[in-house]
Structure formats: C-alpha cells, structure tokens
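K.L.:
Before we start, here is the structure in question, set down as structure tokens.
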Amino acid sequence: MTESTTIRWEQDDTGVVTLVLDDPNQSANTMNQAFRDSLAVITDRLEAERDSIRGVILTSAKKTFFAGGDLRDLIRVTPETAQELFDGGLAVKRDLRRIETLGKPVVAAINGAALGGGFELALACHHRIALDTPGTRIGCPEVTLGLLPGGGGVVRTVRLLGIADALLKVLLQGTQYNARRARDNGLVHEVAESPEELIAKARAFIDAHPESRQPWDTPGYKIPGGTPAHPKFAANLPAFPANLRKQTNGAPYPAPRNILAAAVEGSQVDFETAQVIEARYFVELAAGQISKNMIQAFFFDLQAVNSGANRPKGVEPRQVRKVAVLGAGMMGAGIAYACARAGIDVVLKDVSAEAAAKGKGYSEKLCAKAVAKGRTTQEKADALLARITPTAETADLAGCDAVIEAVFEDTALKHKVFQEIESVVAPDALLCSNTSTLPITTLAEGVERQADFIGLHFFSPVDKMPLVEIIKGERTGEEALARAFDLVRQINKTPIVVNDSRGFFTSRVIGHFLNEGVAMVGEGVEPASVEQAAAQAGYPAKVLSLMDELTLTLPRKIRAETRRAVEEAGGTWTAHPAETVVDRMVDEFGRTGRSGGAGFYDYTEDGKRAGLWPGLREHFTKPGHDIPFRDMQERMLFAEALDTVRLLEEGVLTSVADANIGSVLGIGFPGWTGGVLQYINGYEGGLPGFVARARELAERYGDRFTPPALLVAKAEKGETFTDAR
Ligand code: NAI
C-alpha cells in the first residue's frame with residue numbers, strides 16, 4: 001500500500017487535522033512524485049474519515065511553505081513525455097478539487113514562501129493566512145521561467161480576482177508579494193504576526209465556518225469583473241494584447257500568450273474544463289525549448305553562481321565592515337549606496353568635500369524616493385545615509401577593510417590614488433578597481449600588495465543592475481578572489497568570475513552586438529528595421545539607441561587602444577565594418593551620441609530621444625539592401641554567442657553558468673535564450689544546427705561568423721555547453 005511520505009497527518013481530539021508538508025528527502029517541499037502520491041493517499045483518507053473531521057489546516061515544517069514544481073523534473077520533459085506530465089498534473093488537480101469540495105473548512109497556514117505550486121495549494125484552501133516574515137513571498141512567478149501555473153493557479157486566480165486583476169497582478173508579471181501586500185491585493189485573507197497566531201487564526205476560522213466552500217462553488221457565483229462574453233469586459237479586452245506586447249517587446253516569449261489564452265478561454269467554461277485547458281497550455285510550454293532555457297538560466301545557473309560554485313574553496317568567509325569608495329562620480333555614488341544599503345559603513349572620497357557630498361547626494365535622492373514610494377521607512381533611510389561619510393581627506397580611510405576605486409578611466413590616475421591610500425587603510429584591505437576596460441594586471445602594478453588587487457566591475461545604474469563581474473589579474477590571490485566574491489554577495493549582487501583580458505567578458509561581448517547593428521546600417525539596411533530586429537530578438541535596448549547612450553567616441557577610444565595592443569604584440573588588426581560608420585558619424589557629421597546632443601537619434605533640448613536621425617537614410621540607406629529579418633536578428637545574437645565561445649577557448653571565461661548569467665543580467669542578452677551559451681545549446685538542431693547556421697552567416701556576412709574550433713569540436717562529439725559540477 002502506498003503511504004504518505006511527504007505530508008504528515010496530525011489530528012487532535014477536537015477533530016482538527018493538521019496536514020504538515022515535510023518532505024524528508026529535500027530541504028524544501030516540491031511537487032515531485034512522492035508529493036503527488038502522498039496527496040492522493042491523504043485525500044482518500046480525508047474523504048474516508050470525513051465525518052470525524054471538523055476542519056483541516058495545511059502548513060509546513062520547512063522554512064518555506066511549499067516550493068512549487070520540481071524544476072529538475074520539468075526541464076527534462078520532452079514532447080514524448082508530455083502526456084505523462086499532463087496526466088500527472090490532472091491527477092493533482094483532481095485531488096485538490098476533492099479537498100476543496102470536502103465540505104469541511106480547509107485553511108492554508110502559510111508559514112513562509114508560497115510561490116508557484118505553493119500558492120496553488122493555498123488557492124485550493126478556503127482560507128489563506130500568511131505569516132508576516134521576511135521570507136514570506138506569495139505569487140505565481142512561473143512566467144519568469146517561461147511557464148504558467150499548471151496546478152489550477154490560472155483557473156483559481158481568475159475566479160478569485162477576475163480576469164484583469166489575475167492577469168495583471170499575479171499571472172503576467174510573476175510579482176512576488178510579501179504577506180501584507182498579498183493581503184492588500186486579495187491573494188490571502190489575513191496576516192499573522194507569529195507562528196502561534198498563524199495556527200490560532202486558522203483554528204478560529206474553522207470554528208466559525210463549519211461548512212466552508214469556495215466562492216466559485218457558491219450558488220449564483222460570477223467571475224468578478226465579468227468574462228469576455230460580458231459587454232463591460234469586452235471593452236477592456238483590447239488592452240491585454242497591448243500589455244503583452246509591451247511586456248515582451250514582441251520577442252518570442254510564449255508564456256504570456258499561453259497565460260492569456262488559458263485565462264480567457266478558461267473563464268468561459270465550467271471549472272473542470274478550465275482545468276483541462278490550463279493543463280494543455282501548461283504542457284505545451286513545459287515541452288518547449290524556451291522554458292528549458294529560462295529554467296536553466298534563472299534557476300540552475302543563477303543558483304550555481306550565487307552559491308559560490310566559482311568561489312575558491314577553503315577560504316573562510318569574511319564580511320566587510322567599512323569600505324572606502326574612491327571617486328564619487330556616477331559609479332562611485334552608486335556603489336556607495338549599494339554598500340550602505342547592505343549595512344556596510346562607507347567612506348566616500350573625491351578630490352573635494354563638495355564633490356564627495358554631491359556623491360552622497362545621490363543616495364539621498366534614492367532614499368527620498370524609496371520612502372515616498374513606501375519601499376522603506378524614514379528611519380531605515382536615515383540609518384542608511386548615516387553610514388556614508390563623504391570626505392576629501394585620505395586620513396578618513398583609516399581602518400577600511402576594502403577599497404573600491406571608481407575614479408576616471410586612466411591608468412596613471414588609478415595608480416596614483418591607490419598609492420595615496422594603500423598605507424592608510426587596513427593592512428590587509430581588499431583592493432578593488434571598478435575599471436570597465438583597463439587590464440587588472442597592469443593596474444595591480446601600482447600597489448604593493450598585488451595579490452590583494454582585483455577587478456570589481458559594476459554596471460550602471462548600480463542600484464538597479466544585479467550583476468558584478470569579478471576580474472582576476474595575473475597576480476590576484478585566491479583569498480582576494482574569495483573575499484571579493486563574499487563582498488558582492490554581501491551587497492546582494494550576483495558575482496561572475498573571469499580572468500583578465502581586454503574588455504573582460506561583458507564589455508567585449510556587448511561590443512559585438514553594437515558593431516553588428518551599426519554594420520548593418522553601413523550596408524544600407526533601413527535603420528528602423530535594425531532597431532526593430534534588436535527589439536524583436538528580445539534585447540531590452542535597441543542597438544542604435546544603446547550605442548548613443550554609451551557614446552560613439554568610447555568605442556573609438558577602446559578600438560584604438562585594442563588595435564595598438566594587438567599590433568604591439570605582433571598581430572594584425574582586422575577591421576570591423578562598423579568602424580567606418582562610427583568614424584563617419586563622428587568625423588563627418590559631428591554626431592557623438594546622446595550626451596553630445598546628436599547620434600543615431602536626434603534629441604530634444606532636454607535630452608529626450610526624438611526619432612532616428614533622417615540623415616542616416618540619406619547617407620547610408622540603400623533601397624533594396626534589406627536583408628532577411630531573421631538574418632538581422634541572428635547576426636546580433638550569433639556575434640555575441642560566437643565571441644563568448646572564443647572567450648572560453650582563451651580561458652577568460654571558465655564557467656558556462658557565469659557566461660549565461662553574465663550575459664542576461666549584465667549586458668541584456670535576451671532572457672528567453674537562457675543566456676549566451678544556452679542559446680547555442682537550445683538552437684534548432686542543437687550545436688550542429690548552430691554551426692551550420694554560423695557557416696551560412698559567415699558565407700553571407702563575413703569571416704567573423706566562422707564557428708570557433710571549440711564549438712565545432714563539441715558539435716561533432718555531440719556535447720553541449722555545461723559545467724562539470
Ligand atoms: P565619473 O566621471 O562620473 O566619476 C569619476 C569621479 O572620480 C569624479 O567625481 C572625480 O572627481 C573623481 N576623481 C578624480 N580623481 C580623483 C582622485 N584623485 N581622488 C578621488 N576622486 C577622484 O566616472 P564614472 O562613470 O563614475 O566612472 C568611474 C570608473 O568606473 C571608470 O573607471 C569607469 O571606466 C568605470 N565604469 C564606468 C561605468 C559607466 O557606465 N559609466 C560602468 C562600469 C565601470
């Protein structure tokens with residue numbers, strides 16, 4: 001006989017049954033086979049012993065309530081095993097339906113995170129109470145993994161909140177609410193302050209509602225806000241596709257589309273049929289490639305990266321207490337804020353007291369905004385600001401156990417500022433530079449303790465961008481690497497680790513995206529089509545507009561330096577077709593980008609984009625030179641992916657997860673791909689398909705698309721890009 005291994009049955013003498021979710025083999029409860037079996041056993045027992053039961057409390061013995069679908073299972077689903085997933089899903093739905101129609105009150109006592117499947121379990125309960133702890137997160141984030149809630153989540157949120165709110169507040173954005181916001185938005189009924197109160201409130205509900213049922217099982221029930229058949233609703237419906245377009249930029253994200261379809265179609269039929277519709281749309285997503293890409297990147301890779309798969313083993317973890325930030329410009333100001341927010345004391349140094357104070361002013365603005373929006377309290381904001389000391393005095397850096405330098409991008413200047421402070425800060429302080437282009441090994445030559453010197457490349461704006469690229473110089477020690485890793489985690493950012501090389505990983509690879517877009521303009525392709533191609537490929541910023549943001553002069557400077565370095569090393573420089581376009585834009589037309597008031601776009605007086613510069617068509621566009629739209633998109637995607645493989649060959653990158661995460665979080669490589677190397681893995685026809693297509697692009701557009709030897713070898717051996725862990 002099957003037993004319940006993951007759900008414990010505890011019954012008291014008043015007839016209240018507490019079902020305790022407690023998978024003995026995992027740190028969190030998931031919807032694995034053991035759970036599905038247990039749920040069936042428990043449901044049978046509830047029905048058999050119905051008459052002796054007064055009510056049911058569903059809660060968990062783990063830190064989280066329930067973690068949702070088992071992603072290790074889901075990532076392996078193929079079109080061949082899809083039917084199995086469909087049947088298994090329907091079985092769970094049937095059991096949950098049996099519990100919600102038991103005729104006895106069932107209460108979810110949500111003691112921690114209830115995301116995805118966890119929230120779906122709670123939705124099948126008549127009453128939901130959430131414990132107000134920092135760990136409590138409630139919602140349906142499936143969309144962020146390319147999936148939809150397939151455990152009744154679409155069917156029930158639509159019936160609970162109405163189609164519009166279900167879609168906008170829960171399903172399409174994947175918002176994760178804390179306990180209070182979940183209550184305010186109608187996802188749960190009550191909040192409890194302590195575990196004791198949580199259970200007491202659950203019991204109180206049972207006492208007061210001996211014959212509970214769901215709103216949708218109550219006579220006369222109608223979906224709140226109406227259904228598409230309803231004239232009032234029909235008037236709002238056209239807003240949804242527009243919302244979808246805005247959310248996905250026209251890029252190939254199938255999940256929002258399936259969610260919308262499941263919600264709308266499911267609202268027009270009875271509950272059981274809606275469950276089947278939801279299951280079909282769910283399985284279609286789970287069997288497809290894009291959910292696999294997204295699960296790989298946003299779950300497995302992210303977890304590997306954040307949990308320290310690349311952190312040197314055996315170095316004791318250390319926390320930074322006081323950090324010196326050198327340079328209070330755009331980056332220094334942002335870094336100071338990020339550190340102070342994480343509770344670290346910050347000494348923010350610039351050339352004058354005024355410049356340093358101005359840097360602190362940036363944190364003051366961010367704090368005021370956060371308070372105004374209710375994201376933090378005045379008290380917390382004041383405490384954050386009190387941790388930042390602006391100064392122009394080197395002596396104030398005494399005792400700092402880490403230094404992050406963010407002065408102008410100039411080797412001599414960086415050497416000078418490190419010389420000034422090295423003897424003042426703690427004798428073993430970690431020494432970091434936020435350079436975006438200069439070799440770390442060369443910068444390290446300016447300090448005494450080269451083993452403690454490392455690159456810490458933040459992205460702008462620092463408060464929003466989740467990634468930090470850690471760059472190991474030739475003489476950087478393992479201890480410094482571990483400490484840099486710990487510091488990045490301490491400020492809640494995601495660290496990837498690369499070896500020193502010009503442009504590191506991120507700056508070098510994003511350069512290929514920009515170059516490809518600009519090159520197409522030079523070939524005579526309509527500039528508006530180039531922008532559209534980037535958007536529809538899923539890039540968050542269009543290519544020419546991004547070029548304008550970064551300025552056209554910066555790549556020229558980097559190109560000149562790189563070219564000099566290549567030639568000094570005895571190599572020959574291969575010019576990229578983008579170069580002549582950039583040169584003409586700057587030299588002939590005086591258009592240097594947004595900060596110069598004119599670039600590929602025109603700008604208004606106050607710096608707003610005012611459309612593509614009409615001169616582009618006049619000077620560059622050649623009618624009839626359009627190329628297939630798919631080629632446009634794939635030239636950008638392939639250019640980045642192919643160079644990432646070269647970086648692996650060169651040993652600059654040492655981890656596939658770092659490449660995937662770094663590309664999506666740092667430089668806007670489209671999320672649906674699962675990152676720059678997962679894009680290759682998931683390409684139609686796998687690696688051999690990718691190689692064949694790269695050769696085709698090389699034939700048409702130039703040698704830079706010739707697949708590197710490592711890629712060809714892997715394709716021939718039938719391998720994919722994965723980390724051996
Ligand atoms: P910025 O020009 O806004 O700020 C530089 C600051 O350094 C100025 O406030 C300046 O007064 C100060 N400074 C100059 N000499 C100093 C000295 N001797 N002591 C103390 N402070 C001094 O420049 P930004 O954009 O903040 O860049 C700083 C560094 O960060 C550069 O190395 C840059 O390459 C790098 N970086 C920039 C990114 C960006 O998006 N702007 C992204 C990642 C890295």
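Within each chain, counting starts at residue 1; across the structure tokens, chains are named A, B, ... in the order shown, with ligands numbered 1 upward in that order.
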Can you list, as a ChimeraX atom specification, every protein, DNA or RNA residue that comes within 10 Å of region 253-265 of chain A when you count only C-alpha atoms, leaving out same-chain residues fewer than 6 positions away?
P.N.:
/A:142-150,153-159,162-164,166-167,171-173,227-229,237,240-241,243-245,247,273-282,284-286,288,290-291,538,671-673
K.L.:
Taking only C-alpha atoms and all ligand atoms into account, report as a compact mmCIF listing (two decimals) with N, CA and C atoms, in the first residue's frame which residues have an atom no farther than 6 Å from an atom of ligand 1.
P.N.:
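Produced file out-v9.txt, reproduced below:
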```
# COMPACT_ATOMS: atom_id res chain seq x y z
N LEU A 326 36.53 55.24 -3.74
CA LEU A 326 37.35 56.34 -4.25
C LEU A 326 36.75 56.86 -5.55
N GLY A 327 36.35 58.14 -5.54
CA GLY A 327 35.67 58.70 -6.71
C GLY A 327 34.18 58.67 -6.44
N ALA A 328 33.57 59.87 -6.35
CA ALA A 328 32.14 59.95 -6.02
C ALA A 328 31.35 60.38 -7.24
N GLY A 329 31.79 59.95 -8.42
CA GLY A 329 31.06 60.26 -9.66
C GLY A 329 29.87 59.33 -9.80
N MET A 330 29.46 59.11 -11.04
CA MET A 330 28.27 58.31 -11.26
C MET A 330 28.39 56.91 -10.64
N MET A 331 29.51 56.24 -10.91
CA MET A 331 29.64 54.87 -10.42
C MET A 331 29.93 54.83 -8.92
N GLY A 332 30.87 55.68 -8.47
CA GLY A 332 31.22 55.69 -7.05
C GLY A 332 30.00 55.98 -6.18
N LYS A 349 35.22 59.07 -0.99
CA LYS A 349 36.24 60.10 -1.16
C LYS A 349 36.31 60.63 -2.59
N ASP A 350 36.40 61.94 -2.69
CA ASP A 350 36.62 62.57 -4.00
C ASP A 350 37.66 63.66 -3.83
N VAL A 351 37.93 64.44 -4.90
CA VAL A 351 39.00 65.44 -4.82
C VAL A 351 38.64 66.62 -3.91
N ALA A 406 36.77 54.08 -8.14
CA ALA A 406 35.94 54.42 -9.31
C ALA A 406 36.24 55.85 -9.76
N VAL A 407 37.54 56.16 -9.91
CA VAL A 407 37.91 57.48 -10.44
C VAL A 407 37.93 57.39 -11.97
N PHE A 408 38.35 58.47 -12.63
CA PHE A 408 38.34 58.46 -14.11
C PHE A 408 39.11 57.25 -14.66
N GLU A 409 38.75 56.88 -15.88
CA GLU A 409 39.35 55.70 -16.52
C GLU A 409 40.75 56.05 -17.05
N VAL A 417 46.00 57.18 -7.08
CA VAL A 417 45.07 57.16 -5.94
C VAL A 417 45.31 55.93 -5.05
N ASN A 434 37.03 49.43 -10.18
CA ASN A 434 35.80 49.30 -10.98
C ASN A 434 36.07 49.66 -12.44
N THR A 435 37.30 49.55 -12.87
CA THR A 435 37.59 49.87 -14.28
C THR A 435 36.68 49.08 -15.21
N SER A 436 36.29 49.72 -16.33
CA SER A 436 35.47 48.96 -17.27
C SER A 436 36.30 48.42 -18.43
N HIS A 457 33.80 44.89 -11.45
CA HIS A 457 33.16 45.69 -12.49
C HIS A 457 31.66 45.75 -12.26
N PHE A 458 31.20 46.92 -11.79
CA PHE A 458 29.76 47.15 -11.57
C PHE A 458 29.14 47.66 -12.87
N PHE A 459 27.83 47.61 -12.92
CA PHE A 459 27.11 48.09 -14.11
C PHE A 459 26.23 49.26 -13.71
N SER A 460 25.96 50.11 -14.67
CA SER A 460 25.22 51.34 -14.40
C SER A 460 23.75 51.18 -14.82
```
K.L.:
May I have the residues within 7 Å of Val107 (chain A) as a compact mmCIF listing (two decimals) with N, CA and C atoms, in the first residue's frame, using only C-alpha atoms and disregarding those fewer than 6 positions away in the same chain?
P.N.:
```
# COMPACT_ATOMS: atom_id res chain seq x y z
N VAL A 56 -9.49 21.31 8.44
CA VAL A 56 -8.14 20.93 8.04
C VAL A 56 -7.25 22.18 7.99
N ILE A 57 -6.03 22.04 8.54
CA ILE A 57 -5.04 23.12 8.42
C ILE A 57 -3.88 22.57 7.60
N LEU A 58 -3.52 23.30 6.56
CA LEU A 58 -2.38 22.89 5.73
C LEU A 58 -1.22 23.82 6.06
N CYS A 125 -7.39 26.07 -0.86
CA CYS A 125 -7.94 26.12 0.50
C CYS A 125 -8.98 27.24 0.57
N HIS A 126 -9.90 27.10 1.52
CA HIS A 126 -10.98 28.10 1.62
C HIS A 126 -10.50 29.40 2.22
N HIS A 127 -9.45 29.31 3.02
CA HIS A 127 -8.99 30.50 3.72
C HIS A 127 -7.46 30.47 3.75
N ARG A 128 -6.86 31.63 3.50
CA ARG A 128 -5.40 31.71 3.46
C ARG A 128 -4.90 32.75 4.46
N ALA A 202 -6.06 30.12 12.18
CA ALA A 202 -6.56 29.02 11.35
C ALA A 202 -7.67 28.27 12.11
```
K.L.:
Please identify all polymer residues within 8 Å of Asp345 (chain A), counting only C-alpha atoms, omitting same-chain residues fewer than 5 positions from it, and present them as a PyMOL selection string.
P.N.:
chain A and resi 321-323+339-340+387-388
K.L.:
If we count only C-alpha atoms and set the cut-off at 9 Å, which residues sit around region 591-595 of chain A, ignoring sequence neighbours fewer than 4 positions away in its own chain? Please answer as a list of chain:residue names.
P.N.:
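Using only C-alpha atoms, the neighbours found are A:Ser545, A:Met547, A:Asp548, A:Glu549, A:Leu550, A:Thr551, A:Leu552, A:Thr553, A:Val582, A:Arg584, A:Met585, A:Val586, A:Asp587, A:Gly599, A:Phe600, A:Tyr601, A:Asp602, A:Tyr603, A:Gly607, A:Lys608, A:Arg609.
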K.L.:
Could you jot down the CA of Glu193 (chain A) to CA of Thr133 (chain A) separation for me, Å, one decimal place?
P.N.:
7.8 Å
K.L.:
As number ranges by chain, please: the residues near Gly668 (chain A) (cut-off 12 Å, only C-alpha atoms, same-chain neighbours under 2 positions excluded).
P.N.:
A: 459, 465-467, 506-507, 509-510, 513-514, 534-535, 537-543, 546, 636-637, 640, 660-666, 670-676
K.L.:
For the selection you just gave me, I'd like the residues written to a file as a tab-separated table (two decimals), in the first residue's frame, keeping N, CA and C atoms.
P.N.:
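Written file, result12.tsv:
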```
chain	number	residue	atom	x	y	z
A	459	PHE	N	27.83	47.61	-12.92
A	459	PHE	CA	27.11	48.09	-14.11
A	459	PHE	C	26.23	49.26	-13.71
A	465	MET	N	21.22	47.41	-11.30
A	465	MET	CA	21.83	46.29	-12.03
A	465	MET	C	22.33	45.22	-11.06
A	466	PRO	N	21.89	43.97	-11.24
A	466	PRO	CA	22.16	42.93	-10.25
A	466	PRO	C	23.54	42.27	-10.38
A	467	LEU	N	24.27	42.56	-11.47
A	467	LEU	CA	25.50	41.80	-11.72
A	467	LEU	C	26.76	42.56	-11.32
A	506	THR	N	32.03	40.92	-20.36
A	506	THR	CA	30.82	41.66	-20.72
A	506	THR	C	31.07	42.78	-21.72
A	507	SER	N	32.08	43.62	-21.47
A	507	SER	CA	32.31	44.75	-22.38
A	507	SER	C	32.69	44.26	-23.76
A	509	VAL	N	31.88	41.35	-25.23
A	509	VAL	CA	30.79	40.69	-25.95
A	509	VAL	C	29.71	41.68	-26.38
A	510	ILE	N	29.39	42.63	-25.52
A	510	ILE	CA	28.34	43.59	-25.91
A	510	ILE	C	28.84	44.42	-27.10
A	513	PHE	N	27.54	42.98	-30.32
A	513	PHE	CA	26.13	43.32	-30.56
A	513	PHE	C	26.06	44.70	-31.22
A	514	LEU	N	26.75	45.67	-30.60
A	514	LEU	CA	26.71	47.04	-31.11
A	514	LEU	C	27.30	47.11	-32.52
A	534	ALA	N	16.43	44.18	-33.29
A	534	ALA	CA	17.00	44.01	-31.95
A	534	ALA	C	15.88	43.84	-30.92
A	535	ALA	N	14.84	44.67	-31.05
A	535	ALA	CA	13.74	44.60	-30.08
A	535	ALA	C	13.05	43.24	-30.17
A	537	ALA	N	14.23	40.49	-31.25
A	537	ALA	CA	15.09	39.39	-30.80
A	537	ALA	C	15.04	39.29	-29.28
A	538	GLY	N	14.50	40.32	-28.64
A	538	GLY	CA	14.36	40.28	-27.18
A	538	GLY	C	15.37	41.11	-26.43
A	539	TYR	N	16.19	41.89	-27.15
A	539	TYR	CA	17.13	42.77	-26.44
A	539	TYR	C	16.35	43.88	-25.74
A	540	PRO	N	16.68	44.15	-24.47
A	540	PRO	CA	15.93	45.19	-23.75
A	540	PRO	C	16.18	46.59	-24.31
A	541	ALA	N	17.33	46.83	-24.93
A	541	ALA	CA	17.58	48.14	-25.53
A	541	ALA	C	17.86	47.95	-27.00
A	542	LYS	N	17.29	48.82	-27.82
A	542	LYS	CA	17.56	48.73	-29.25
A	542	LYS	C	19.01	49.09	-29.51
A	543	VAL	N	19.55	48.53	-30.57
A	543	VAL	CA	21.01	48.57	-30.71
A	543	VAL	C	21.56	49.98	-30.97
A	546	LEU	N	21.18	52.18	-27.87
A	546	LEU	CA	22.17	51.84	-26.85
A	546	LEU	C	23.53	52.44	-27.20
A	636	MET	N	23.15	39.62	-34.73
A	636	MET	CA	23.46	40.18	-33.41
A	636	MET	C	23.65	39.08	-32.37
A	637	LEU	N	22.71	38.12	-32.37
A	637	LEU	CA	22.77	37.04	-31.38
A	637	LEU	C	24.01	36.16	-31.59
A	640	GLU	N	27.48	37.72	-30.63
A	640	GLU	CA	27.77	37.65	-29.19
A	640	GLU	C	28.09	36.22	-28.75
A	660	ASN	N	26.24	32.50	-19.07
A	660	ASN	CA	24.79	32.66	-19.25
A	660	ASN	C	24.24	33.78	-18.37
A	661	ILE	N	24.58	33.73	-17.10
A	661	ILE	CA	24.05	34.72	-16.16
A	661	ILE	C	24.60	36.11	-16.47
A	662	GLY	N	25.90	36.18	-16.73
A	662	GLY	CA	26.51	37.48	-17.03
A	662	GLY	C	25.90	38.12	-18.25
A	663	SER	N	25.59	37.31	-19.26
A	663	SER	CA	25.07	37.88	-20.50
A	663	SER	C	23.66	38.41	-20.31
A	664	VAL	N	22.85	37.72	-19.54
A	664	VAL	CA	21.46	38.18	-19.36
A	664	VAL	C	21.38	39.32	-18.35
A	665	LEU	N	22.06	39.16	-17.21
A	665	LEU	CA	21.93	40.17	-16.16
A	665	LEU	C	22.81	41.40	-16.40
A	666	GLY	N	23.90	41.23	-17.15
A	666	GLY	CA	24.83	42.34	-17.30
A	666	GLY	C	24.67	43.11	-18.59
A	670	PRO	N	19.08	38.46	-24.63
A	670	PRO	CA	17.67	38.16	-24.38
A	670	PRO	C	17.43	36.99	-23.42
A	671	GLY	N	16.56	37.23	-22.46
A	671	GLY	CA	16.30	36.24	-21.42
A	671	GLY	C	15.70	34.94	-21.92
A	672	TRP	N	14.93	34.99	-23.00
A	672	TRP	CA	14.28	33.75	-23.49
A	672	TRP	C	15.30	32.72	-23.95
A	673	THR	N	16.52	33.17	-24.22
A	673	THR	CA	17.55	32.25	-24.69
A	673	THR	C	18.16	31.46	-23.54
A	674	GLY	N	17.97	31.97	-22.30
A	674	GLY	CA	18.65	31.33	-21.16
A	674	GLY	C	20.12	31.71	-21.09
A	675	GLY	N	20.51	32.73	-21.84
A	675	GLY	CA	21.90	33.17	-21.81
A	675	GLY	C	22.64	32.77	-23.06
A	676	VAL	N	23.82	33.35	-23.19
A	676	VAL	CA	24.52	33.33	-24.46
A	676	VAL	C	24.99	31.92	-24.88
```
K.L.:
Excluding Glu364 (chain A) and its own-chain neighbours fewer than 4 positions away, which residues fall within 10 Å of it when counting only C-alpha atoms? Please give them as a PyMOL selection string.
P.N.:
chain A and resi 337+358-360+368-370+381-382+384-385
K.L.:
DSSP on the backbone, then: every residue of region 538-630 of chain A marked strand (DSSP E or B), written as a tab-separated table (two decimals) with C-alpha atoms, in the first residue's frame.
P.N.:
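Contents of out.tsv, freshly written:
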```
chain	number	residue	atom	x	y	z
A	593	GLY	CA	25.75	60.15	-29.11
A	598	ALA	CA	23.06	64.02	-31.53
A	601	TYR	CA	18.98	59.55	-32.99
A	602	ASP	CA	18.03	63.22	-32.76
A	603	TYR	CA	17.48	64.56	-29.25
A	609	ARG	CA	15.04	60.84	-27.97
A	610	ALA	CA	13.27	62.48	-30.92
A	611	GLY	CA	13.41	59.77	-33.58
A	612	LEU	CA	16.14	58.31	-35.75
```
K.L.:
Calculate how many Å separate CA of Phe453 (chain A) from CA of Gly473 (chain A), rounding to one decimal.
P.N.:
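Separating CA of Phe453 (chain A) from CA of Gly473 (chain A) is a distance of 7.6 Å.
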K.L.:
I need the residues in region 232-463 of chain A that are alpha helix (DSSP H) according to DSSP; give them as a PyMOL selection string.
P.N.:
chain A and resi 232-236+239-248+254-266+271-287+289-295+302-306+330-341+353-372+378-386+411-422+440-444
